[in-house]
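Listing of start.cif; format and content: mmCIF, C-alpha atoms and all ligand atoms.
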data_protein
#
loop_
_atom_site.label_atom_id
_atom_site.label_comp_id
_atom_site.auth_asym_id
_atom_site.auth_seq_id
_atom_site.Cartn_x
_atom_site.Cartn_y
_atom_site.Cartn_z
CA MET A 1231 114.44 90.79 136.25
CA TYR A 1232 112.64 93.67 134.57
CA GLY A 1233 109.83 93.96 132.06
CA ILE A 1234 106.93 95.94 130.68
CA ILE A 1235 103.67 94.79 129.10
CA ALA A 1236 101.01 96.89 127.40
CA THR A 1237 97.65 96.59 125.69
CA TRP A 1238 97.77 96.80 121.87
CA ARG A 1239 100.36 97.14 119.16
CA MET A 1240 100.32 100.92 119.52
CA ALA A 1241 102.47 100.64 122.66
CA LYS A 1242 105.43 99.09 120.81
CA GLU A 1243 107.54 102.24 120.36
CA GLY A 1244 106.90 103.28 123.95
CA ILE A 1245 107.82 99.83 125.18
CA GLU A 1246 111.09 99.99 123.24
CA ALA A 1247 112.03 103.24 124.97
CA ALA A 1248 111.02 101.86 128.37
CA ASP A 1249 112.96 98.66 127.79
CA LYS A 1250 116.19 100.64 127.29
CA MET A 1251 115.55 102.63 130.45
CA LEU A 1252 114.85 99.51 132.50
CA LYS A 1253 117.94 97.81 131.14
CA GLU A 1254 120.02 100.76 132.37
CA GLY A 1255 118.46 100.55 135.82
CA ASP A 1256 115.91 103.37 135.61
CA THR A 1257 112.76 103.14 137.72
CA SER A 1258 109.51 101.49 136.83
CA GLY A 1259 107.70 104.83 137.34
CA ASN A 1260 109.94 106.69 134.88
CA ALA A 1261 109.84 103.90 132.32
CA ILE A 1262 106.06 103.48 132.30
CA GLU A 1263 105.47 107.23 132.11
CA THR A 1264 107.86 107.53 129.16
CA ALA A 1265 106.22 104.61 127.38
CA ILE A 1266 102.70 105.96 127.79
CA LYS A 1267 103.73 109.48 126.77
CA ALA A 1268 105.04 108.07 123.49
CA VAL A 1269 101.55 106.74 122.74
CA GLU A 1270 99.87 109.97 123.87
CA ASP A 1271 102.09 112.05 121.60
CA PHE A 1272 101.62 110.02 118.42
CA PRO A 1273 98.88 111.76 116.40
CA TYR A 1274 97.67 108.70 114.46
CA TYR A 1275 96.48 106.73 117.49
CA LYS A 1276 92.91 107.88 117.75
CA SER A 1277 92.07 106.61 121.20
CA VAL A 1278 94.84 108.07 123.35
CA GLY A 1279 96.17 111.61 123.87
CA TYR A 1280 96.83 113.88 120.89
CA GLY A 1281 94.61 112.85 117.99
CA GLY A 1282 92.21 111.03 120.33
CA LEU A 1283 88.61 110.99 119.13
CA PRO A 1284 86.20 113.46 120.69
CA ASN A 1285 82.98 113.06 122.64
CA GLU A 1286 79.54 113.75 121.13
CA GLU A 1287 80.10 117.50 121.52
CA GLN A 1288 83.33 117.28 119.53
CA VAL A 1289 85.51 117.84 122.61
CA VAL A 1290 88.43 115.55 123.47
CA GLU A 1291 88.15 114.52 127.12
CA LEU A 1292 91.00 112.42 128.45
CA ASP A 1293 91.31 109.96 131.34
CA ALA A 1294 94.49 108.52 132.90
CA GLY A 1295 95.60 106.59 135.96
CA TYR A 1296 98.84 105.64 137.68
CA MET A 1297 99.69 103.33 140.59
CA ASP A 1298 102.93 102.62 142.42
CA GLY A 1299 102.92 99.05 143.70
CA ASP A 1300 105.52 99.73 146.42
CA THR A 1301 103.55 102.41 148.23
CA MET A 1302 100.00 101.82 146.92
CA ALA A 1303 100.02 105.48 145.84
CA VAL A 1304 97.38 106.19 143.18
CA GLY A 1305 96.70 109.23 141.04
CA ALA A 1306 94.05 109.65 138.36
CA ILE A 1307 92.35 112.26 136.21
CA GLY A 1308 89.05 112.11 134.38
CA ALA A 1309 87.56 114.15 131.56
CA ILE A 1310 90.49 116.57 131.32
CA LYS A 1311 90.75 118.83 128.26
CA ASP A 1312 93.71 120.34 126.46
CA PHE A 1313 96.69 118.83 128.24
CA ALA A 1314 99.35 116.95 126.31
CA ASN A 1315 100.24 114.15 128.72
CA PRO A 1316 97.48 112.99 131.06
CA VAL A 1317 99.58 110.14 132.45
CA SER A 1318 102.15 112.58 133.83
CA ILE A 1319 99.41 114.51 135.62
CA ALA A 1320 98.05 111.28 137.09
CA ARG A 1321 101.52 110.32 138.29
CA LYS A 1322 102.02 113.72 139.87
CA LEU A 1323 98.66 113.37 141.65
CA SER A 1324 99.81 110.05 143.09
CA GLU A 1325 102.40 112.02 145.10
CA GLU A 1326 99.74 114.08 146.88
CA LYS A 1327 98.53 113.06 150.34
CA VAL A 1328 94.85 113.55 149.44
CA ASN A 1329 92.96 114.80 146.36
CA ASN A 1330 94.50 112.03 144.28
CA VAL A 1331 91.66 111.77 141.77
CA LEU A 1332 90.58 114.94 139.98
CA VAL A 1333 88.15 115.46 137.12
CA GLY A 1334 87.22 118.17 134.63
CA VAL A 1335 87.99 121.79 135.48
CA GLY A 1336 89.55 120.82 138.83
CA ALA A 1337 92.00 118.53 137.07
CA GLU A 1338 92.79 121.27 134.56
CA LYS A 1339 93.38 123.82 137.31
CA TYR A 1340 95.78 121.41 139.05
CA ALA A 1341 97.65 120.63 135.84
CA ARG A 1342 98.01 124.33 135.04
CA GLU A 1343 99.28 125.10 138.54
CA LYS A 1344 101.88 122.34 138.25
CA GLY A 1345 103.02 123.64 134.87
CA PHE A 1346 102.01 120.72 132.65
CA GLU A 1347 102.02 121.38 128.90
CA GLU A 1348 98.72 122.71 127.56
CA LYS A 1349 97.84 121.65 124.03
CA GLU A 1350 94.79 121.64 121.77
CA MET A 1351 94.24 117.90 121.54
CA LEU A 1352 91.57 117.85 118.82
CA THR A 1353 93.29 117.30 115.47
CA ASP A 1354 91.88 117.90 111.97
CA ARG A 1355 92.04 114.17 111.45
CA ALA A 1356 89.93 113.52 114.58
CA LYS A 1357 87.44 116.17 113.36
CA ALA A 1358 87.18 114.29 110.06
CA PHE A 1359 86.44 111.02 111.91
CA TYR A 1360 83.78 112.87 113.89
CA ARG A 1361 82.09 114.25 110.76
CA LYS A 1362 82.21 110.85 109.10
CA ARG A 1363 80.74 109.12 112.11
CA LYS A 1364 78.02 111.73 112.48
CA LYS A 1365 77.00 111.23 108.86
CA GLU A 1366 76.88 107.46 109.36
CA MET A 1367 74.62 107.77 112.37
CA ASP A 1368 71.53 109.32 110.95
CA GLN A 1369 69.36 108.90 114.02
CA GLU A 1370 70.98 108.18 117.32
CA LEU A 1371 74.53 109.02 118.45
CA LYS A 1372 75.82 105.78 119.93
CA PRO A 1373 79.29 105.44 121.39
CA TYR A 1374 81.82 103.62 119.30
CA ASP A 1375 82.05 99.97 120.27
CA GLY A 1376 85.71 99.36 119.42
CA HIS A 1377 88.35 99.90 122.07
CA ASP A 1378 91.98 100.95 122.22
CA THR A 1379 93.07 102.33 125.59
CA VAL A 1380 96.74 102.02 126.37
CA GLY A 1381 97.39 100.32 129.71
CA MET A 1382 100.75 99.11 130.96
CA VAL A 1383 102.36 97.21 133.80
CA CYS A 1384 106.07 97.69 134.46
CA LEU A 1385 108.59 95.92 136.69
CA ASP A 1386 112.05 97.36 137.32
CA LYS A 1387 115.28 95.70 138.50
CA SER A 1388 114.65 96.71 142.10
CA GLY A 1389 111.28 94.91 142.07
CA THR A 1390 108.95 97.89 141.90
CA VAL A 1391 105.75 97.25 139.94
CA THR A 1392 103.74 100.16 138.51
CA ALA A 1393 100.61 100.26 136.38
CA ALA A 1394 99.22 103.12 134.29
CA THR A 1395 96.63 103.95 131.65
CA SER A 1396 95.74 106.74 129.24
CA THR A 1397 92.73 107.12 126.96
CA SER A 1398 90.34 109.42 125.19
CA GLY A 1399 87.64 106.92 126.20
CA LEU A 1400 84.81 105.92 123.94
CA PHE A 1401 84.36 107.86 120.73
CA MET A 1402 81.07 109.82 120.84
CA LYS A 1403 80.76 109.34 124.59
CA ARG A 1404 78.70 111.79 126.61
CA SER A 1405 80.43 114.86 127.94
CA GLY A 1406 81.74 114.02 131.43
CA ARG A 1407 81.62 110.25 130.87
CA VAL A 1408 84.46 108.42 132.61
CA GLY A 1409 85.32 104.77 131.94
CA ASP A 1410 87.45 102.25 133.80
CA SER A 1411 90.82 103.66 132.78
CA PRO A 1412 91.21 106.21 135.62
CA VAL A 1413 89.47 103.94 138.14
CA VAL A 1414 91.95 102.08 140.31
CA GLY A 1415 91.26 98.35 140.45
CA SER A 1416 89.29 98.47 137.23
CA GLY A 1417 91.58 99.99 134.58
CA PHE A 1418 94.84 99.29 136.41
CA TYR A 1419 96.31 97.89 139.61
CA ALA A 1420 99.83 97.28 140.92
CA ASP A 1421 101.20 95.52 143.98
CA SER A 1422 104.96 95.01 144.00
CA GLU A 1423 104.57 91.90 146.20
CA VAL A 1424 102.47 90.24 143.50
CA GLY A 1425 102.40 92.06 140.13
CA GLY A 1426 100.09 94.27 138.14
CA ALA A 1427 97.27 94.22 135.63
CA THR A 1428 95.53 96.60 133.24
CA ALA A 1429 92.46 96.52 131.04
CA THR A 1430 90.94 97.83 127.83
CA GLY A 1431 87.42 97.43 126.51
CA LEU A 1432 84.02 98.68 127.51
CA GLY A 1433 84.73 100.62 130.70
CA GLU A 1434 81.17 100.31 131.95
CA ASP A 1435 81.56 96.50 131.99
CA LEU A 1436 85.22 96.26 133.07
CA MET A 1437 84.32 98.28 136.16
CA LYS A 1438 81.62 95.83 137.15
CA GLY A 1439 84.30 93.19 137.78
CA CYS A 1440 87.02 95.47 139.26
CA ILE A 1441 88.96 93.41 136.79
CA SER A 1442 92.54 94.62 137.29
CA TYR A 1443 92.33 94.20 141.05
CA GLU A 1444 90.75 90.79 140.57
CA ILE A 1445 93.65 89.62 138.38
CA VAL A 1446 96.24 90.78 140.90
CA ARG A 1447 94.26 89.13 143.71
CA LEU A 1448 94.19 85.85 141.79
CA MET A 1449 97.94 86.05 141.12
CA GLY A 1450 98.40 86.64 144.84
CA GLU A 1451 96.58 83.40 145.48
CA GLY A 1452 99.08 81.59 143.30
CA LEU A 1453 97.60 81.66 139.80
CA SER A 1454 99.97 82.38 136.92
CA PRO A 1455 99.37 85.71 135.12
CA GLN A 1456 97.87 83.78 132.18
CA ASP A 1457 95.47 81.78 134.37
CA ALA A 1458 94.54 84.85 136.41
CA CYS A 1459 93.77 86.89 133.28
CA GLU A 1460 91.67 84.12 131.76
CA LYS A 1461 89.75 83.43 134.94
CA ALA A 1462 88.98 87.11 135.54
CA VAL A 1463 87.83 87.71 131.95
CA ASN A 1464 85.85 84.49 131.60
CA ASP A 1465 84.09 84.82 134.97
CA LEU A 1466 83.11 88.42 134.27
CA ASP A 1467 82.06 87.65 130.70
CA ARG A 1468 79.84 84.82 131.92
CA LYS A 1469 78.28 86.85 134.73
CA LEU A 1470 77.56 89.81 132.45
CA LYS A 1471 75.88 87.52 129.94
CA GLU A 1472 73.81 85.86 132.67
CA LYS A 1473 72.84 88.91 134.66
CA HIS A 1474 73.26 91.94 132.44
CA GLY A 1475 72.01 90.82 129.06
CA GLY A 1476 75.46 90.73 127.43
CA ALA A 1477 79.12 91.48 127.88
CA GLY A 1478 81.07 94.34 126.29
CA ASP A 1479 84.66 93.96 125.13
CA LEU A 1480 87.01 92.86 127.92
CA SER A 1481 90.76 92.58 127.24
CA VAL A 1482 93.54 92.48 129.81
CA VAL A 1483 97.27 91.98 130.29
CA ALA A 1484 99.22 91.27 133.47
CA MET A 1485 102.79 90.80 134.65
CA ASP A 1486 103.84 89.30 137.97
CA CYS A 1487 106.71 90.45 140.17
CA LYS A 1488 109.02 87.91 138.55
CA GLY A 1489 108.36 89.16 135.01
CA ASN A 1490 106.01 86.36 133.92
CA PHE A 1491 103.13 87.71 131.87
CA GLY A 1492 99.71 86.78 130.53
CA CYS A 1493 96.71 88.10 128.64
CA ALA A 1494 93.05 87.36 128.01
CA THR A 1495 90.20 88.70 125.94
CA ASN A 1496 86.60 87.92 125.07
CA ILE A 1497 86.94 89.30 121.53
CA GLY A 1498 88.90 88.60 118.37
CA GLY A 1499 91.61 91.02 117.32
CA PHE A 1500 93.30 91.83 120.61
CA SER A 1501 97.06 92.44 120.53
CA PHE A 1502 99.63 93.36 123.14
CA SER A 1503 103.25 94.51 123.32
CA VAL A 1504 105.82 93.25 125.78
CA ALA A 1505 109.52 93.45 126.56
CA ALA A 1506 111.49 91.89 129.39
CA GLU A 1507 115.00 90.84 130.34
CA GLY A 1508 115.86 88.28 127.68
CA LEU A 1509 112.87 89.23 125.49
CA GLU A 1510 113.24 91.99 122.90
CA PRO A 1511 110.15 94.22 122.43
CA ILE A 1512 107.56 92.15 120.60
CA VAL A 1513 103.92 92.35 119.52
CA TYR A 1514 101.67 89.34 120.10
CA LEU A 1515 98.27 88.63 118.55
CA VAL A 1516 95.80 86.92 120.86
CA THR A 1517 93.41 84.15 119.89
CA ARG A 1518 90.53 83.12 122.10
CA GLU A 1519 89.57 79.45 121.88
CA GLU A 1520 85.98 78.24 122.24
CA ASP A 1521 86.62 77.19 125.84
CA GLY A 1522 87.83 80.69 126.77
CA HIS A 1523 91.50 79.76 126.79
CA CYS A 1524 93.69 82.42 125.14
CA THR A 1525 96.86 81.79 123.18
CA PHE A 1526 99.16 84.28 121.49
CA LYS A 1527 101.64 84.34 118.65
CA GLU A 1528 104.09 86.90 117.32
CA ALA A 1529 102.66 89.38 114.82
CA ASP A 1530 104.38 88.96 111.46
CA LYS A 1531 105.85 91.71 109.30
CA GLU A 1532 102.82 91.80 107.04
CA TRP A 1533 100.43 92.32 109.95
CA LEU A 1534 102.61 95.06 111.41
CA GLU A 1535 102.84 96.90 108.10
CA GLU A 1536 99.12 96.65 107.49
CA TYR A 1537 98.48 97.96 110.99
CA MET A 1538 100.43 101.15 110.33
CA ARG A 1539 98.98 101.54 106.84
CA VAL A 1540 95.42 101.47 108.21
CA ARG A 1541 96.26 103.85 111.09
CA MET A 1542 97.80 106.41 108.75
CA ALA A 1543 95.43 106.13 105.80
CA PRO A 1544 93.52 109.31 104.87
CA VAL A 1545 90.05 109.57 106.39
CA GLU A 1546 87.51 109.07 103.63
CA GLU A 1547 84.47 111.14 104.49
N1 LIG A 1601 88.24 101.25 128.53
C1 LIG A 1601 88.08 102.51 127.85
C2 LIG A 1601 86.88 103.22 128.35
O1 LIG A 1601 85.86 102.61 128.58
C3 LIG A 1601 87.94 102.36 126.39
C4 LIG A 1601 89.05 101.63 125.71
O2 LIG A 1601 89.61 100.68 126.24
O3 LIG A 1601 89.38 102.05 124.60
O4 LIG A 1601 86.94 104.44 128.48
#
Would you kindly transcribe this structure into structure tokens?
Amino acid sequence: MYGIIATWRMAKEGIEAADKMLKEGDTSGNAIETAIKAVEDFPYYKSVGYGGLPNEEQVVELDAGYMDGDTMAVGAIGAIKDFANPVSIARKLSEEKVNNVLVGVGAEKYAREKGFEEKEMLTDRAKAFYRKRKKEMDQELKPYDGHDTVGMVCLDKSGTVTAATSTSGLFMKRSGRVGDSPVVGSGFYADSEVGGATATGLGEDLMKGCISYEIVRLMGEGLSPQDACEKAVNDLDRKLKEKHGGAGDLSVVAMDCKGNFGCATNIGGFSFSVAAEGLEPIVYLVTREEDGHCTFKEADKEWLEEYMRVRMAPVEE
């Protein structure tokens, strides 16, 4: 069995490439890195890699994480500037004995030393979004409350599970702010004996539940990926509302070591992409019922076309 699952529609093209690699027997690590790089490189996705939206100082700071579920190796970078493919740097860091998590200038120094591609990541389009947003916010600069990090879990034919993320974080975030995406156990987690999980949403809240680790732990106790995702999201959502005055967006996907998958969200409008042996790459739209149960159905042609039209529409300032 093999498979790959990812947050959001934007992962579809990457998933297609990964699916081919997995079919031919390539490794989970290579497939997930290729799939995430495809999202990082696409300029119209404004929450990941090139074209990602900047922080309040109009600087694009990127976070990424990578975990190998065979060895428990983890690598992550936070608040890195001007590198094309943060996920590749995170994966490289996972091979180091120590110093696996680097941020800011230290991460940049490491990436330069290792010869990773340097690139100005702030696009004219992202600058236009920044100007527009600034105009809309006449008093206070508040971070954007939508979310769109790409996170993936991948299983290869030999049974290796990996998980990885990449994001520009919250639009209009503070300089130096790091969310859940590069934090192991929160943004991503992989254990080849069980499976993997990854999250998107308000990092500050996802971290409070170590949500990706929690999902993998629940799967390890025997819950299906769907039940584990729902339990982790609903428990955290409830606790945040009770103790913290409200819950931010929490959306997750998971795949177990047999290729079964699941998802959960506490918002409307979550989508995910998945491919597996016997399942061609597909985009699902998730619906949350009143009781917290989540169901999903295939996105139709109209939805998919509208998605791309909106992503590529000119920015009206
Ligand atoms: N989880 C990300 C963060 O807080 C945001 C997102 O999912 O888009 O940085």
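With only C-alpha atoms and all ligand atoms as the atoms that count, the minimum distance from ligand LIG 1601 (chain A) to the choices A:Asp1465, A:Asp1530, A:Asp1378, A:Glu1546 is reached by A:Asp1378.
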Exercise. Using all atoms listed in the file, which of the listed residues (A:Ile1235, A:Ile1445, A:Val1408, A:Met1251) sits closest to Gly1381 (chain A)?
Worked result: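 For Gly1381 (chain A), the nearest of the candidates is A:Ile1235.
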Proximity check region 1249-1343 of chain A to region 1498-1505 of chain A, 12 Å, nearest pairs one decimal Å, all atoms listed in the file, as a Markdown table:
| residue | atom | partner | partner_atom | distance |
| --- | --- | --- | --- | --- |
| A:Asp1249 | CA | A:Ala1505 | CA | 6.4 |
| A:Lys1250 | CA | A:Ala1505 | CA | 9.8 |
| A:Met1251 | CA | A:Ala1505 | CA | 11.7 |
| A:Leu1252 | CA | A:Ala1505 | CA | 10.0 |
| A:Lys1253 | CA | A:Ala1505 | CA | 10.5 |
| A:Ala1261 | CA | A:Ala1505 | CA | 11.9 |
| A:Ala1265 | CA | A:Ser1503 | CA | 11.3 |
Exercise. Counting all atoms listed in the file, which protein, DNA or RNA residues come within 9 Å of ligand LIG 1601 (chain A), given as a PyMOL selection string?
Worked result: chain A and resi 1277-1278+1292-1293+1375-1381+1396-1401+1403+1407-1412+1417+1429-1437+1479-1481
Report the centre and edge lengths, in Å to one decimal, of an axis-aligned box enclosing every atom of region 1249-1255 of chain A listed in the file, padded by 4 Å on each side, as JSON.
{"center_x": 116.5, "center_y": 100.2, "center_z": 131.6, "size_x": 15.1, "size_y": 12.8, "size_z": 16.5}
Problem set entry | d(CA of Ala1506 (chain A), CA of Val1304 (chain A)) in Å |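 If I compute the distance from CA of Ala1506 (chain A) to CA of Val1304 (chain A), I get 24.4 Å.
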For this session: Write out as a VMD selection string the residues lying within 12 Å of Ala1458 (chain A), counting all atoms listed in the file and excluding same-chain residues fewer than 5 positions away.
Result: chain A and resid 1424 to 1427 1441 to 1453 1463 to 1465 1482 to 1486 1490 to 1495 1523 to 1524
C-alpha atoms of the current selection, written as a compact mmCIF listing (two decimals), keeping the file's coordinate frame:
# COMPACT_ATOMS: atom_id res chain seq x y z
CA VAL A 1424 102.47 90.24 143.50
CA GLY A 1425 102.40 92.06 140.13
CA GLY A 1426 100.09 94.27 138.14
CA ALA A 1427 97.27 94.22 135.63
CA ILE A 1441 88.96 93.41 136.79
CA SER A 1442 92.54 94.62 137.29
CA TYR A 1443 92.33 94.20 141.05
CA GLU A 1444 90.75 90.79 140.57
CA ILE A 1445 93.65 89.62 138.38
CA VAL A 1446 96.24 90.78 140.90
CA ARG A 1447 94.26 89.13 143.71
CA LEU A 1448 94.19 85.85 141.79
CA MET A 1449 97.94 86.05 141.12
CA GLY A 1450 98.40 86.64 144.84
CA GLU A 1451 96.58 83.40 145.48
CA GLY A 1452 99.08 81.59 143.30
CA LEU A 1453 97.60 81.66 139.80
CA VAL A 1463 87.83 87.71 131.95
CA ASN A 1464 85.85 84.49 131.60
CA ASP A 1465 84.09 84.82 134.97
CA VAL A 1482 93.54 92.48 129.81
CA VAL A 1483 97.27 91.98 130.29
CA ALA A 1484 99.22 91.27 133.47
CA MET A 1485 102.79 90.80 134.65
CA ASP A 1486 103.84 89.30 137.97
CA ASN A 1490 106.01 86.36 133.92
CA PHE A 1491 103.13 87.71 131.87
CA GLY A 1492 99.71 86.78 130.53
CA CYS A 1493 96.71 88.10 128.64
CA ALA A 1494 93.05 87.36 128.01
CA THR A 1495 90.20 88.70 125.94
CA HIS A 1523 91.50 79.76 126.79
CA CYS A 1524 93.69 82.42 125.14
For this session: Could you check how far CA of Arg1468 (chain A) sits from CA of Cys1487 (chain A), in Å to one decimal?
Result: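 About the pair CA of Arg1468 (chain A) and CA of Cys1487 (chain A): they are 28.7 Å apart.
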For this session: Would you kindly identify which residues have an atom no farther than 8 Å from (111.4, 95.9, 137.8), using only C-alpha atoms and the file's own coordinates, and write them out as a list in words?
Result: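 These residues have at least one counted atom within 8 Å: Met1231, Tyr1232, Gly1233, Leu1252, Thr1257, Ser1258, Cys1384, Leu1385, Asp1386, Lys1387, Ser1388, Gly1389, Thr1390, Val1391, Cys1487 and Gly1489 of chain A.
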